[in-house]
$ cat target04.tsv   # TSV, C-alpha atoms
chain	number	residue	atom	x	y	z
A	1	MET	CA	0.00	0.00	0.00
A	2	THR	CA	1.47	3.29	-1.07
A	3	LEU	CA	1.01	6.47	1.07
A	4	VAL	CA	0.56	9.69	-0.88
A	5	ALA	CA	1.34	13.03	0.80
A	6	PRO	CA	-1.52	15.48	0.65
A	7	ALA	CA	-1.07	18.24	-1.87
A	8	PRO	CA	-0.97	21.81	-0.64
A	9	ASP	CA	-4.01	23.96	-1.06
A	10	VAL	CA	-3.64	25.73	-4.38
A	11	GLU	CA	-6.29	27.90	-5.88
A	12	PRO	CA	-7.36	26.62	-9.25
A	13	ALA	CA	-6.02	28.61	-12.18
A	14	GLU	CA	-8.30	30.46	-14.47
A	15	PRO	CA	-8.64	29.22	-18.02
A	16	GLY	CA	-5.63	30.22	-20.13
A	17	GLU	CA	-3.51	31.11	-17.03
A	18	THR	CA	-0.19	29.37	-16.51
A	19	VAL	CA	0.85	28.31	-13.02
A	20	ALA	CA	4.55	28.67	-12.25
A	21	GLU	CA	6.31	25.93	-10.48
A	22	VAL	CA	7.46	26.63	-6.98
A	23	GLY	CA	11.15	26.04	-6.44
A	24	PRO	CA	14.09	27.27	-4.43
A	25	ASP	CA	15.03	30.94	-4.69
A	26	PRO	CA	18.16	31.18	-6.85
A	27	ASP	CA	19.36	34.17	-4.79
A	28	ASP	CA	19.63	31.94	-1.73
A	29	ALA	CA	21.71	29.31	-3.44
A	30	GLY	CA	24.79	28.37	-1.55
A	31	GLU	CA	23.82	30.37	1.60
A	32	PRO	CA	22.94	28.25	4.59
A	33	ASP	CA	19.86	29.20	6.58
A	34	LEU	CA	20.86	30.91	9.87
A	35	PRO	CA	18.57	30.87	12.85
A	36	ALA	CA	17.10	34.32	13.58
A	37	GLU	CA	18.27	36.03	16.76
A	38	PRO	CA	15.51	36.36	19.34
A	39	VAL	CA	14.39	39.97	19.91
A	40	ASP	CA	13.32	40.90	23.41
A	41	ALA	CA	11.31	44.13	23.29
A	42	ALA	CA	11.55	44.44	27.08
A	43	ASP	CA	15.35	44.83	27.15
A	44	PRO	CA	16.09	48.02	29.14
A	45	ALA	CA	18.35	50.75	27.78
A	46	PRO	CA	21.92	50.52	29.02
A	47	VAL	CA	22.38	52.38	32.31
A	48	LEU	CA	25.42	54.65	32.55
A	49	PRO	CA	27.36	54.64	35.80
A	50	LEU	CA	26.77	57.36	38.36
A	51	ALA	CA	30.27	58.77	37.84
A	52	LEU	CA	29.36	59.89	34.32
A	53	TYR	CA	26.47	61.99	35.61
A	54	LEU	CA	28.38	63.83	38.32
A	55	PRO	CA	30.36	66.29	36.11
A	56	GLY	CA	27.24	67.27	34.21
A	57	ALA	CA	25.23	67.62	37.38
A	58	ALA	CA	27.97	69.74	38.98
A	59	LEU	CA	28.16	72.08	35.97
A	60	SER	CA	24.38	72.37	35.89
A	61	VAL	CA	24.23	73.27	39.57
A	62	LEU	CA	27.04	75.81	39.13
A	63	ALA	CA	25.22	77.47	36.23
A	64	VAL	CA	21.98	77.55	38.21
A	65	LEU	CA	23.85	79.03	41.17
A	66	ILE	CA	25.32	81.85	39.05
A	67	LEU	CA	21.98	82.62	37.46
A	68	GLY	CA	20.34	82.46	40.87
A	69	PHE	CA	22.88	84.92	42.26
A	70	LEU	CA	22.08	87.43	39.52
A	71	ALA	CA	18.35	86.88	39.92
A	72	GLN	CA	18.67	87.29	43.69
A	73	LEU	CA	20.28	90.73	43.40
A	74	THR	CA	18.11	92.07	40.58
A	75	LEU	CA	14.66	90.55	41.17
A	76	VAL	CA	14.20	88.25	44.14
A	77	SER	CA	15.82	90.67	46.58
A	78	GLN	CA	13.38	93.39	45.55
A	79	LEU	CA	10.42	91.14	46.28
A	80	ALA	CA	11.91	90.02	49.60
A	81	PHE	CA	12.53	93.65	50.56
A	82	GLU	CA	8.93	94.68	49.87
A	83	ARG	CA	7.58	91.71	51.82
A	84	ARG	CA	9.86	92.32	54.80
A	85	GLN	CA	8.96	96.02	54.85
A	86	GLU	CA	5.24	95.32	54.76
A	87	VAL	CA	5.32	92.81	57.60
A	88	THR	CA	7.68	94.87	59.78
A	89	LEU	CA	5.68	98.07	59.31
A	90	ALA	CA	2.55	96.37	60.61
A	91	ASP	CA	4.41	95.06	63.67
A	92	PHE	CA	6.11	98.41	64.33
A	93	ARG	CA	2.78	100.20	64.35
A	94	ILE	CA	1.72	97.90	67.17
A	95	ASP	CA	4.92	98.74	69.07
A	96	LEU	CA	4.23	102.45	68.64
A	97	ALA	CA	0.67	102.08	69.83
A	98	THR	CA	1.66	100.09	72.92
A	99	GLY	CA	4.69	102.26	73.74
A	100	THR	CA	7.22	99.43	73.41
A	101	ALA	CA	9.21	100.80	70.45
A	102	PRO	CA	12.94	101.29	71.25
A	103	VAL	CA	14.08	104.83	72.13
A	104	GLY	CA	17.78	104.12	72.68
A	105	GLN	CA	20.53	101.54	72.53
A	106	ALA	CA	18.86	99.48	75.26
A	107	ASP	CA	15.29	98.29	75.66
A	108	GLN	CA	13.02	98.71	78.68
A	109	ASP	CA	14.76	95.82	80.46
A	110	GLY	CA	18.23	97.30	80.00
A	111	ARG	CA	19.32	94.84	77.30
A	112	LEU	CA	20.89	96.04	74.06
A	113	VAL	CA	18.39	96.29	71.24
A	114	PRO	CA	19.18	93.34	68.91
A	115	PRO	CA	20.34	94.20	65.39
A	116	GLY	CA	17.47	93.97	62.95
A	117	THR	CA	14.89	95.47	65.34
A	118	ALA	CA	12.67	98.17	63.83
A	119	VAL	CA	13.41	101.57	65.42
A	120	ALA	CA	11.85	104.17	63.08
A	121	VAL	CA	9.84	104.85	59.94
A	122	LEU	CA	11.47	107.26	57.50
A	123	ARG	CA	9.47	109.20	54.91
A	124	ILE	CA	10.92	111.43	52.17
A	125	PRO	CA	8.09	113.04	50.15
A	126	ALA	CA	10.41	114.33	47.39
A	127	LEU	CA	11.43	110.73	46.59
A	128	LYS	CA	8.03	109.19	47.37
A	129	LEU	CA	9.84	106.96	49.83
A	130	ARG	CA	8.55	105.40	53.03
A	131	THR	CA	10.69	102.75	54.67
A	132	VAL	CA	11.23	101.09	58.01
A	133	VAL	CA	14.62	101.70	59.63
A	134	PHE	CA	16.26	98.84	61.52
A	135	GLU	CA	18.86	98.81	64.26
A	136	GLY	CA	22.35	97.99	62.94
A	137	THR	CA	24.12	98.43	59.61
A	138	THR	CA	25.55	95.01	58.72
A	139	GLY	CA	24.91	93.57	55.28
A	140	GLY	CA	22.34	91.17	56.70
A	141	VAL	CA	20.36	93.94	58.42
A	142	LEU	CA	20.42	96.20	55.36
A	143	GLN	CA	18.83	93.44	53.29
A	144	ALA	CA	15.57	94.30	55.05
A	145	GLY	CA	15.88	98.09	54.78
A	146	PRO	CA	17.94	101.08	55.91
A	147	GLY	CA	19.82	100.66	59.19
A	148	HIS	CA	20.48	103.00	62.08
A	149	ARG	CA	24.13	103.21	63.07
A	150	ARG	CA	24.12	101.99	66.64
A	151	ASP	CA	26.76	104.39	67.96
A	152	THR	CA	24.57	107.42	67.18
A	153	VAL	CA	21.33	108.75	68.62
A	154	LEU	CA	17.97	107.82	67.15
A	155	PRO	CA	16.25	110.18	64.69
A	156	GLY	CA	14.54	113.05	66.47
A	157	GLN	CA	16.90	113.09	69.43
A	158	SER	CA	19.43	115.73	70.32
A	159	GLY	CA	22.67	115.00	68.47
A	160	THR	CA	23.60	113.48	65.13
A	161	SER	CA	21.74	110.40	63.91
A	162	VAL	CA	23.20	108.33	61.05
A	163	VAL	CA	21.04	106.09	58.84
A	164	MET	CA	22.63	103.94	56.12
A	165	GLY	CA	20.84	102.26	53.21
A	166	ARG	CA	21.53	100.30	50.04
A	167	ARG	CA	21.66	101.95	46.65
A	168	ALA	CA	20.71	99.11	44.26
A	169	ALA	CA	20.18	95.65	45.77
A	170	TYR	CA	17.39	94.61	48.13
A	171	GLY	CA	14.99	97.34	47.15
A	172	GLY	CA	17.66	100.04	46.82
A	173	PRO	CA	15.76	102.37	49.20
A	174	PHE	CA	18.49	105.05	49.06
A	175	GLY	CA	19.12	104.74	45.31
A	176	ARG	CA	17.80	108.26	44.60
A	177	LEU	CA	19.29	110.25	47.45
A	178	ASN	CA	21.33	112.25	44.96
A	179	ARG	CA	18.09	113.83	43.72
A	180	LEU	CA	17.42	115.57	47.03
A	181	LEU	CA	17.81	119.33	47.10
A	182	PRO	CA	18.37	121.77	49.98
A	183	GLY	CA	15.02	122.56	51.53
A	184	ASP	CA	13.43	119.13	50.93
A	185	GLY	CA	11.70	117.69	53.97
A	186	ILE	CA	12.35	114.38	55.75
A	187	HIS	CA	9.99	112.90	58.35
A	188	ALA	CA	10.84	110.24	60.93
A	189	VAL	CA	8.52	108.43	63.34
A	190	THR	CA	10.03	106.79	66.42
A	191	GLY	CA	8.87	105.74	69.87
A	192	GLN	CA	9.15	109.42	70.86
A	193	GLY	CA	6.77	110.73	68.19
A	194	GLU	CA	7.09	112.30	64.74
A	195	HIS	CA	10.10	114.44	63.83
A	196	THR	CA	10.80	116.65	60.82
A	197	TYR	CA	14.09	117.55	59.13
A	198	ARG	CA	15.08	119.92	56.34
A	199	VAL	CA	17.83	118.95	53.87
A	200	THR	CA	20.77	121.35	53.99
A	201	ALA	CA	23.43	119.65	51.83
A	202	VAL	CA	24.25	116.67	49.59
A	203	ARG	CA	27.95	115.81	49.79
A	204	ARG	CA	30.39	113.38	48.19
A	205	PRO	CA	33.88	112.51	49.46
A	206	GLY	CA	36.31	115.37	48.90
A	207	GLU	CA	33.66	118.04	49.16
A	208	PRO	CA	33.63	120.37	52.20
A	209	LEU	CA	31.61	119.41	55.25
A	210	PRO	CA	28.47	121.47	55.85
A	211	ALA	CA	28.46	123.88	58.76
A	212	PRO	CA	27.02	122.64	62.08
A	213	PRO	CA	23.33	123.41	62.55
A	214	GLU	CA	22.80	126.87	64.01
A	215	SER	CA	19.13	126.76	64.97
A	216	SER	CA	18.78	123.08	65.71
A	217	ASP	CA	19.96	120.59	68.31
A	218	GLY	CA	19.66	117.59	66.01
A	219	ARG	CA	20.93	116.46	62.63
A	220	LEU	CA	20.17	113.47	60.41
A	221	VAL	CA	22.81	112.06	58.06
A	222	LEU	CA	21.71	109.63	55.34
A	223	VAL	CA	24.53	107.55	53.82
A	224	THR	CA	24.59	105.35	50.72
A	225	ALA	CA	26.99	104.18	48.03
A	226	ASP	CA	28.19	106.35	45.16
A	227	GLY	CA	29.76	105.50	41.81
A	228	PRO	CA	28.62	102.82	39.33
A	229	ARG	CA	25.30	101.30	40.37
A	230	TRP	CA	26.58	97.77	41.00
A	231	MET	CA	30.24	98.66	41.69
A	232	PRO	CA	30.27	101.36	44.38
A	233	THR	CA	33.49	103.25	44.93
A	234	ASP	CA	32.56	106.18	47.17
A	235	LEU	CA	29.91	107.38	49.59
A	236	LEU	CA	27.09	109.87	49.26
A	237	TYR	CA	25.95	111.88	52.29
A	238	VAL	CA	22.72	113.82	52.78
A	239	TYR	CA	22.63	116.25	55.72
A	240	ALA	CA	19.33	117.39	57.21
A	241	ASP	CA	18.75	119.61	60.25
A	242	LEU	CA	16.03	118.94	62.79
A	243	THR	CA	13.18	121.48	62.60
A	244	SER	CA	10.95	119.95	65.28
A	245	PRO	CA	11.74	119.98	69.02
A	246	ALA	CA	14.64	117.66	69.89
A	247	GLN	CA	13.85	114.73	72.14
A	248	PRO	CA	16.16	113.64	74.96
A	249	ALA	CA	18.59	110.84	74.11
A	250	ALA	CA	18.79	107.80	76.34
A	251	ALA	CA	22.04	106.83	78.03
A	252	ARG	CA	24.44	105.23	75.55
A	253	ARG	CA	26.03	101.85	76.29
A	254	PHE	CA	28.85	101.99	73.71
A	255	GLY	CA	30.43	104.43	71.25
A	256	THR	CA	32.20	104.48	67.91
A	257	ALA	CA	35.20	102.51	69.19
A	258	SER	CA	32.95	99.55	70.03
A	259	LEU	CA	31.19	99.45	66.67
A	260	PRO	CA	32.07	96.20	64.82
A	261	PRO	CA	33.95	96.61	61.50
A	262	SER	CA	31.09	94.90	59.65
A	263	GLU	CA	28.82	97.86	60.49
A	264	GLN	CA	31.04	100.45	58.82
A	265	ALA	CA	30.15	101.91	55.42
A	266	LEU	CA	30.87	99.59	52.45
A	267	ALA	CA	31.93	96.81	54.84
A	268	THR	CA	31.20	93.11	54.39
A	269	ASP	CA	29.36	90.92	56.89
A	270	ARG	CA	32.01	88.52	58.19
A	271	ASP	CA	29.39	86.56	60.14
A	272	ALA	CA	28.04	85.31	56.81
A	273	TRP	CA	30.98	82.93	56.23
A	274	MET	CA	29.69	80.15	58.47
A	275	PRO	CA	26.13	80.10	57.04
A	276	LEU	CA	27.61	80.23	53.54
A	277	VAL	CA	29.83	77.20	54.17
A	278	LEU	CA	26.92	75.21	55.64
A	279	TRP	CA	24.53	76.10	52.82
A	280	THR	CA	27.19	75.27	50.23
A	281	GLN	CA	27.71	71.84	51.76
A	282	LEU	CA	23.97	71.24	51.77
A	283	LEU	CA	23.80	72.34	48.13
A	284	LEU	CA	26.53	69.81	47.23
A	285	VAL	CA	24.61	67.05	48.99
A	286	ALA	CA	21.43	68.04	47.14
A	287	ALA	CA	23.28	67.96	43.80
A	288	LEU	CA	24.67	64.49	44.50
A	289	GLY	CA	21.23	63.32	45.57
A	290	LEU	CA	19.76	64.63	42.33
A	291	ALA	CA	22.39	62.77	40.28
A	292	TRP	CA	21.66	59.56	42.19
A	293	ALA	CA	17.90	59.97	41.75
A	294	ARG	CA	18.31	60.53	38.03
A	295	VAL	CA	20.11	57.20	37.68
A	296	ARG	CA	17.72	55.25	39.90
A	297	TRP	CA	14.36	56.90	39.19
A	298	GLY	CA	14.70	58.52	35.78
A	299	ARG	CA	15.23	62.04	34.50
A	300	TRP	CA	11.77	63.55	34.98
A	301	GLN	CA	11.09	61.91	38.34
A	302	ALA	CA	14.42	63.21	39.65
A	303	TRP	CA	13.82	66.77	38.44
A	304	ILE	CA	10.28	66.90	39.83
A	305	VAL	CA	11.55	65.99	43.28
A	306	GLY	CA	14.93	67.72	43.14
A	307	VAL	CA	14.16	71.11	41.58
A	308	PRO	CA	12.19	72.51	44.58
A	309	VAL	CA	14.95	71.38	46.94
A	310	LEU	CA	17.68	72.91	44.77
A	311	LEU	CA	15.74	76.18	44.47
A	312	TYR	CA	15.36	76.55	48.23
A	313	VAL	CA	18.93	75.56	49.09
A	314	GLY	CA	20.33	77.61	46.20
A	315	ALA	CA	18.39	80.73	47.22
A	316	SER	CA	19.62	80.40	50.80
A	317	THR	CA	23.20	79.96	49.58
A	318	VAL	CA	22.99	83.02	47.35
A	319	ASP	CA	21.41	85.06	50.15
A	320	ALA	CA	24.32	84.21	52.45
A	321	ALA	CA	26.85	85.02	49.71
A	322	ALA	CA	25.19	88.41	49.12
A	323	ARG	CA	26.00	89.38	52.70
A	324	LEU	CA	29.69	89.27	51.77
A	325	LEU	CA	29.18	92.11	49.29
A	326	PRO	CA	29.50	95.77	50.40
A	327	ASN	CA	26.61	96.54	52.71
A	328	LEU	CA	25.58	99.68	50.79
A	329	LEU	CA	25.47	98.00	47.36

$ encode --input "target04.tsv" --output "structure tokens"
Amino acid sequence: MTLVAPAPDVEPAEPGETVAEVGPDPDDAGEPDLPAEPVDAADPAPVLPLALYLPGAALSVLAVLILGFLAQLTLVSQLAFERRQEVTLADFRIDLATGTAPVGQADQDGRLVPPGTAVAVLRIPALKLRTVVFEGTTGGVLQAGPGHRRDTVLPGQSGTSVVMGRRAAYGGPFGRLNRLLPGDGIHAVTGQGEHTYRVTAVRRPGEPLPAPPESSDGRLVLVTADGPRWMPTDLLYVYADLTSPAQPAAARRFGTASLPPSEQALATDRDAWMPLVLWTQLLLVAALGLAWARVRWGRWQAWIVGVPVLLYVGASTVDAAARLLPNLL
């Protein structure tokens, strides 16, 4: 009995149509059939080692830090200044109403008034300026507004009161002092009431000092930087004589010899070095953490988590570094 293999299914040809015989492809002659390599669509992309990401991450953080420093001085510092002024003015009004505002170097308990405490509100109508004045003149204090030099009397008191303020950064409250003219009025509100001054002179280094006030027991000196806006070289002084009754000055606890160097004009805040080192270390840790997260989690997941952290730490680092710049910048 002979077994016949079943013929493959072939559609019948139409009448007059020739069916070609099926045979081996001549192009494949002499080439052995090779098994196809299996393709696994789930194979992950090759993962680069962490060391390859670190240089790029470090350069990215450095670029962000430089851009953040420029943004801090030109934009963010202005917003922070306005916010700090608004909040402090509301609190100082409460101190004035309750009679707890400072009137000297020491508070009601005999302790020195801490630097950064609000001591007066200064208003200059010719410049459309109203600003809170804080105790102390370090770079950190002047980030919030003009500062009262602690070795002088408060505005409105008998004697010479010195108030220093920034020209450009952090609101630049004293950026237009050079526009004042003799005869312009200045008003100051302290814990002893409201006081008025009249501008008598605007002076730069090398120019003669104005004569002492003849009909007044008090004088106000406003000091800021002079020269290029972001590269100060000299100082600008505005002298104003007190036209309202002078108030008695409280006993002074220290004088000019005891004033720290960081509170002098155009000085840097040396106390900012320690916070700057700590914030820089934290920024380095955050950058390394971002590089690790990018390798383990993926690019977008790492940036979503890491960007807010880098922004906060970077802003704090830049803020500490800004205190090392001249305090009247």

$ closest_residue --input "target04.tsv" --among "A:Ile186, A:Ala251, A:Leu181, A:Leu266" --to "Gly156 (chain A)" --atoms "only C-alpha atoms"
A:Ile186

$ residues_around --input "target04.tsv" --residues "region 212-222 of chain A" --least-positions-apart "2" --cutoff "9 Å" --atoms "all atoms listed in the file" --output "PyMOL selection string"
chain A and resi 155-165+174+177+197+199+209-210+224+236-247

$ atom_distance --input "target04.tsv" --atom1 "CA of Asp107 (chain A)" --atom2 "CA of Gly193 (chain A)"
16.8 Å

$ closest_residue --input "target04.tsv" --among "A:Gly140, A:Gly298, A:Gly104, A:Gly191" --to "Ala267 (chain A)" --atoms "only C-alpha atoms"
A:Gly140

$ atom_distance --input "target04.tsv" --atom1 "CA of Leu89 (chain A)" --atom2 "CA of Arg111 (chain A)"
22.8 Å

$ atom_distance --input "target04.tsv" --atom1 "CA of Asp184 (chain A)" --atom2 "CA of Ala126 (chain A)"
6.7 Å

$ residues_around --input "target04.tsv" --residues "Ala188 (chain A)" --least-positions-apart "3" --cutoff "10 Å" --atoms "only C-alpha atoms" --output "PyMOL selection string"
chain A and resi 120-124+130-133+154-156+193-197+220

$ residues_around --input "target04.tsv" --residues "Arg323 (chain A)" --least-positions-apart "6" --cutoff "7 Å" --atoms "all atoms listed in the file" --output "list in words"
Gly139, Gly140, Thr268, Asp269 and Ala272 of chain A

$ closest_residue --input "target04.tsv" --among "A:Ala293, A:Val223, A:Ala322, A:Leu282" --to "Thr74 (chain A)" --atoms "only C-alpha atoms"
A:Ala322

$ closest_residue --input "target04.tsv" --among "A:Thr190, A:Gln72, A:Thr137, A:Thr233" --to "Ala97 (chain A)" --atoms "all atoms listed in the file"
A:Thr190

$ closest_residue --input "target04.tsv" --among "A:Val119, A:Leu290, A:Leu283, A:Leu67" --to "Ser316 (chain A)" --atoms "only C-alpha atoms"
A:Leu283

$ residues_around --input "target04.tsv" --residues "region 80-84 of chain A" --least-positions-apart "5" --cutoff "6 Å" --atoms "all atoms listed in the file" --output "PyMOL selection string"
chain A and resi 144+170-171

$ closest_residue --input "target04.tsv" --among "A:Gln264, A:Gln105, A:Thr280, A:Thr138" --to "Ala249 (chain A)" --atoms "only C-alpha atoms"
A:Gln105

$ residues_around --input "target04.tsv" --residues "Leu329 (chain A)" --least-positions-apart "2" --cutoff "9 Å" --atoms "all atoms listed in the file" --output "VMD selection string"
chain A and resid 165 to 170 172 224 to 225 229 to 232 266 325 to 327

$ residues_near_point --input "target04.tsv" --point "(23.7, 81.2, 51.9)" --cutoff "6 Å" --atoms "all atoms listed in the file" --output "MDAnalysis selection string"
chainID A and resid 275:276 279 316:321
